[in-house]
Amino acid sequence: MTVLRITDLDVHYGLGRRRRQALKGASLEVRPGEVVGLIGETGSGKSTLARAVLGLVPASGGRIVIDGEDVSGYRNRQWRSLRRRGVVQYVFQDPLRSLDPDLPVVDSLIEPLLIQGVPREEAVAKARTFLPKVRLDPELLDRLPAQLSGGQRQRVAVARALITEPKLVILDEPVSALDAANRVGVLEILKDLRATGIALVFISHDLGSVAGIADRVAVLYQGELVEVGTAREVVATPRHPYTRLLISSAPTLRTAAAGRAEREALRALLTA
Amino acid sequence: MTTLTETPVSTTALDPVLSVRDVRVRGQVDDREFVKGVSFELTPGKAVGIVGESGSGKTLTCRAVLGVLPEHFEVAAGQIHVAGLDIASATREQLTDLRGSTISAVFQDPASYLNPSIQVGPQIAEVVRVKKGLKRRAARRRAVELLAAVHLRDPELVYSQYAYELSGGMLQRVLIAAAIAADPRVLIADEATTALDVTVQAEILDLLADLRENAGLALVVVSHDLAVVAQLCDEVLVMRDGEVVEQGPTTRVLYEPQHEYTRLLITEHEQYGLEKFLTREGP
């Protein structure tokens, strides 16, 4: 059983002469309890893929199956109903985008439940039990987002994504805006989530920032998934030149200044 | 008017081009110390890295060195010497002379330092005209040379492009070209690669390494990522809440970190980064 199965997915933007293919025949499976790192540079199509899974951009070809439900031909109304059920949730890089600055944390947290028709009292009680899951004190419920630190806000955003008990959470650069202590904190929480059977798709431009938490890594380059494998395989024995370039470009503590000649050769190969 | 070379300042190769001694920066509004004693020295061709979170005081340190602290901030104690000149006692003119021709800087968001309605090339040529006293034609030629020097593939084309037509990596190259236009001896790169894709970041770091090696440029590299700094620098300062919690040669800091915060930065790479799958010697 897979939580997400994407088969030969195409996405186009624009019309007529300006029509441009953002995603070219992408195929990817995500299983329960799995963390998949989706890596690519600006414009590689990684956000497009995420948006297609949420029904925010229409696919022009291929199939998307979410938790056994083929959503490929869905119209807006069906997408809305799917999103309302909260099977797939999304966490942005900047938590301020998912939290209303004028609302106490509790209201932002329970909103997805209220949309589902859960009575307010029940929803608040659930919110209270969810904060400890992201290592936050339930006392923070009555605060405004501005009264929280960046790390606390991002944990609230994660809690908000989890509260509908989704099967799949897509996280777009969830830790890059945080400081080191909070990055590690959020990554630990996400690692713990694996045990609950939730599948996570972790989007980043930097393989180095997700390699350690991902079970599998998928590399997007110019709209194509050029490499999919276990994190260890992809890092230790990358096959595609772009993956090799990504790895030799990532600053690490152990390979300082190494691999420059390799990078130049790979760049030449990719632009040829 | 006296130029810098005529003032009695040290200019030999071994003297430090930048010396920062126990610098403290104070906010005048709440009388709080934001930088609590930073010291380092840079000789030509050397590179010092400052690592820390936002708010750790690394950018204030840079701005103090450049003599451009924001309003209501002041250097409360310590000395800063740029090419032998104590910037505390320097006149406004001397400081203006220093900036660009002796010490220069690039920051995180290159687009915000360029005028969006003027082609990028003339903006570099202007620096050359003002700082090097070149005539219009010669300044244009020099600007194109500079664009080529920062490895922009078609410097003539880029010269006549606008900021919005260029990618983030290209813009940062343009800014570096402008920063080195007046042949400075120190370049401060403050989170200069943070907003870029990793592969582009690597290219910019390579470029900085080239400038250091070929032109003897001394670098101050500021980043929240210890690995970025480690890749370029001989010496590392780790800052937290305005304090330097660790300072030493890069290899010592990486292999024998003393402070728990430095250890956290290293652990993060080892647990969540590529390092988890790579040996110490690399792939």
# chains A, B, ... in the order shown; residues from 1 in each chain; ligands from 1
>>> closest_atom_pairs(of="chain B", to="chain A", cutoff="6 Å", atoms="only C-alpha atoms", output="JSON lines")
{"residue": "B:Glu53", "atom": "CA", "partner": "A:Asp179", "partner_atom": "CA", "distance": 5.8}
{"residue": "B:Asp197", "atom": "CA", "partner": "A:Glu41", "partner_atom": "CA", "distance": 5.8}
{"residue": "B:Val198", "atom": "CA", "partner": "A:Ala250", "partner_atom": "CA", "distance": 6.0}
{"residue": "B:Thr199", "atom": "CA", "partner": "A:Ser249", "partner_atom": "CA", "distance": 5.2}
{"residue": "B:Ala202", "atom": "CA", "partner": "A:Ser249", "partner_atom": "CA", "distance": 5.2}
{"residue": "B:Ala227", "atom": "CA", "partner": "A:Leu253", "partner_atom": "CA", "distance": 5.1}
{"residue": "B:Val228", "atom": "CA", "partner": "A:Pro251", "partner_atom": "CA", "distance": 5.6}
{"residue": "B:Gln231", "atom": "CA", "partner": "A:Ala256", "partner_atom": "CA", "distance": 4.5}
{"residue": "B:Gln271", "atom": "CA", "partner": "A:Gly212", "partner_atom": "CA", "distance": 5.8}
{"residue": "B:Tyr272", "atom": "CA", "partner": "A:Gly212", "partner_atom": "CA", "distance": 3.5}
{"residue": "B:Gly273", "atom": "CA", "partner": "A:Gly208", "partner_atom": "CA", "distance": 4.6}
{"residue": "B:Leu274", "atom": "CA", "partner": "A:Gly208", "partner_atom": "CA", "distance": 4.9}
{"residue": "B:Arg280", "atom": "CA", "partner": "A:Arg254", "partner_atom": "CA", "distance": 5.1}
{"residue": "B:Gly282", "atom": "CA", "partner": "A:Thr255", "partner_atom": "CA", "distance": 4.8}
>>> residues_around(residues="A:Lys133", least_positions_apart="3", cutoff="8 Å", atoms="only C-alpha atoms", output="PyMOL selection string")
chain A and resi 129-130+136+159+189
>>> residues_around(residues="stretch 172-186 of chain B", least_positions_apart="5", cutoff="6 Å", atoms="only C-alpha atoms", output="list in words")
Gly100, Ser101, Thr102, Ile103, Ser104, Pro110, Ile124, Val128, Lys131, Leu146, Leu147, Val150, Leu217, Ala218 and Leu219 of chain B
>>> residues_around(residues="B:Phe107", least_positions_apart="6", cutoff="6 Å", atoms="only C-alpha atoms", output="list in words")
Asp190, Glu191 and Ala192 of chain B
>>> select_by_dssp(residues="stretch 13-167 of chain A", states="strand (DSSP E)", output="PyMOL selection string")
chain A and resi 13+20-30+35-39+61-66+69-70+88-91
>>> atom_distance(atom1="atom CA of A:Val91", atom2="atom CA of A:Ala127")
17.0 Å
>>> atom_distance(atom1="atom CA of B:Val25", atom2="atom CA of B:Met239")
13.7 Å
>>> residues_around(residues="A:Val106", least_positions_apart="2", cutoff="8 Å", atoms="only C-alpha atoms", output="compact mmCIF listing (two decimals) with C-alpha atoms, in the first residue's frame")
# COMPACT_ATOMS: atom_id res chain seq x y z
CA LEU A 103 -5.28 35.02 15.80
CA PRO A 104 -4.14 33.22 18.93
CA SER A 108 -4.96 28.67 13.75
CA LEU A 109 -4.43 25.17 15.10
CA ILE A 110 -8.07 24.14 15.21
CA VAL A 124 -9.51 22.79 21.34
CA ALA A 127 -5.14 20.94 19.99
CA LEU A 141 -2.22 28.11 22.85
CA ASP A 142 -3.43 31.55 23.86
>>> closest_residue(among="A:Arg194, A:Arg31, A:Arg143, A:Arg120", to="A:Thr2", atoms="only C-alpha atoms")
A:Arg31
>>> atom_distance(atom1="atom CA of B:Gly37", atom2="atom CA of B:Val17")
19.5 Å
>>> residues_around(residues="B:Ile266", least_positions_apart="3", cutoff="10 Å", atoms="only C-alpha atoms", output="PyMOL selection string")
(chain A and resi 252-253) or (chain B and resi 225-227+253-255+257+260-263+269-271+273+275)
>>> residues_around(residues="B:Phe34", least_positions_apart="2", cutoff="10 Å", atoms="only C-alpha atoms", output="mmCIF file with N, CA and C atoms, in the first residue's frame")
data_model
loop_
_atom_site.group_PDB
_atom_site.id
_atom_site.type_symbol
_atom_site.label_atom_id
_atom_site.label_comp_id
_atom_site.auth_asym_id
_atom_site.auth_seq_id
_atom_site.Cartn_x
_atom_site.Cartn_y
_atom_site.Cartn_z
ATOM 1 N N ARG B 24 33.493 46.239 20.678
ATOM 2 C CA ARG B 24 32.172 46.100 21.303
ATOM 3 C C ARG B 24 31.224 47.077 20.637
ATOM 4 N N VAL B 25 30.041 46.575 20.282
ATOM 5 C CA VAL B 25 29.034 47.450 19.670
ATOM 6 C C VAL B 25 27.855 47.563 20.626
ATOM 7 N N ARG B 26 27.465 48.822 20.870
ATOM 8 C CA ARG B 26 26.408 49.070 21.834
ATOM 9 C C ARG B 26 25.208 49.704 21.133
ATOM 10 N N GLY B 27 24.024 49.289 21.524
ATOM 11 C CA GLY B 27 22.813 49.950 21.049
ATOM 12 C C GLY B 27 22.495 51.088 21.985
ATOM 13 N N ASP B 31 20.793 50.813 25.632
ATOM 14 C CA ASP B 31 22.097 50.707 26.257
ATOM 15 C C ASP B 31 22.515 49.243 26.450
ATOM 16 N N ARG B 32 22.322 48.461 25.391
ATOM 17 C CA ARG B 32 22.656 47.052 25.476
ATOM 18 C C ARG B 32 23.865 46.782 24.576
ATOM 19 N N LYS B 36 30.101 41.732 21.922
ATOM 20 C CA LYS B 36 30.795 41.807 23.200
ATOM 21 C C LYS B 36 32.255 41.377 23.086
ATOM 22 N N GLY B 37 33.011 42.124 22.296
ATOM 23 C CA GLY B 37 34.433 41.842 22.227
ATOM 24 C C GLY B 37 34.807 40.873 21.129
ATOM 25 N N GLY B 55 21.148 37.622 14.577
ATOM 26 C CA GLY B 55 21.092 38.205 15.908
ATOM 27 C C GLY B 55 22.296 37.889 16.769
ATOM 28 N N SER B 56 23.276 37.165 16.216
ATOM 29 C CA SER B 56 24.440 36.816 17.026
ATOM 30 C C SER B 56 25.472 37.935 17.044
ATOM 31 N N GLY B 57 25.297 38.937 16.180
ATOM 32 C CA GLY B 57 26.218 40.061 16.168
ATOM 33 C C GLY B 57 27.222 40.021 15.034
ATOM 34 N N LYS B 58 27.106 39.018 14.136
ATOM 35 C CA LYS B 58 28.110 38.908 13.082
ATOM 36 C C LYS B 58 27.989 40.034 12.058
ATOM 37 N N LEU B 60 26.610 43.035 12.622
ATOM 38 C CA LEU B 60 26.991 44.292 13.289
ATOM 39 C C LEU B 60 28.506 44.431 13.324
ATOM 40 N N THR B 61 29.203 43.315 13.548
ATOM 41 C CA THR B 61 30.664 43.346 13.531
ATOM 42 C C THR B 61 31.166 43.837 12.172
ATOM 43 N N PHE B 73 23.503 52.769 16.868
ATOM 44 C CA PHE B 73 24.503 51.790 17.276
ATOM 45 C C PHE B 73 25.862 52.472 17.235
ATOM 46 N N GLU B 74 26.734 52.118 18.176
ATOM 47 C CA GLU B 74 28.063 52.720 18.148
ATOM 48 C C GLU B 74 29.100 51.710 18.613
ATOM 49 N N ASP B 241 24.884 35.300 20.597
ATOM 50 C CA ASP B 241 24.407 36.402 21.444
ATOM 51 C C ASP B 241 25.480 37.473 21.650
ATOM 52 N N GLY B 242 26.179 37.811 20.588
ATOM 53 C CA GLY B 242 27.155 38.887 20.667
ATOM 54 C C GLY B 242 28.517 38.471 21.169
ATOM 55 N N GLU B 243 28.612 37.231 21.623
ATOM 56 C CA GLU B 243 29.888 36.798 22.174
ATOM 57 C C GLU B 243 30.590 35.822 21.243
#
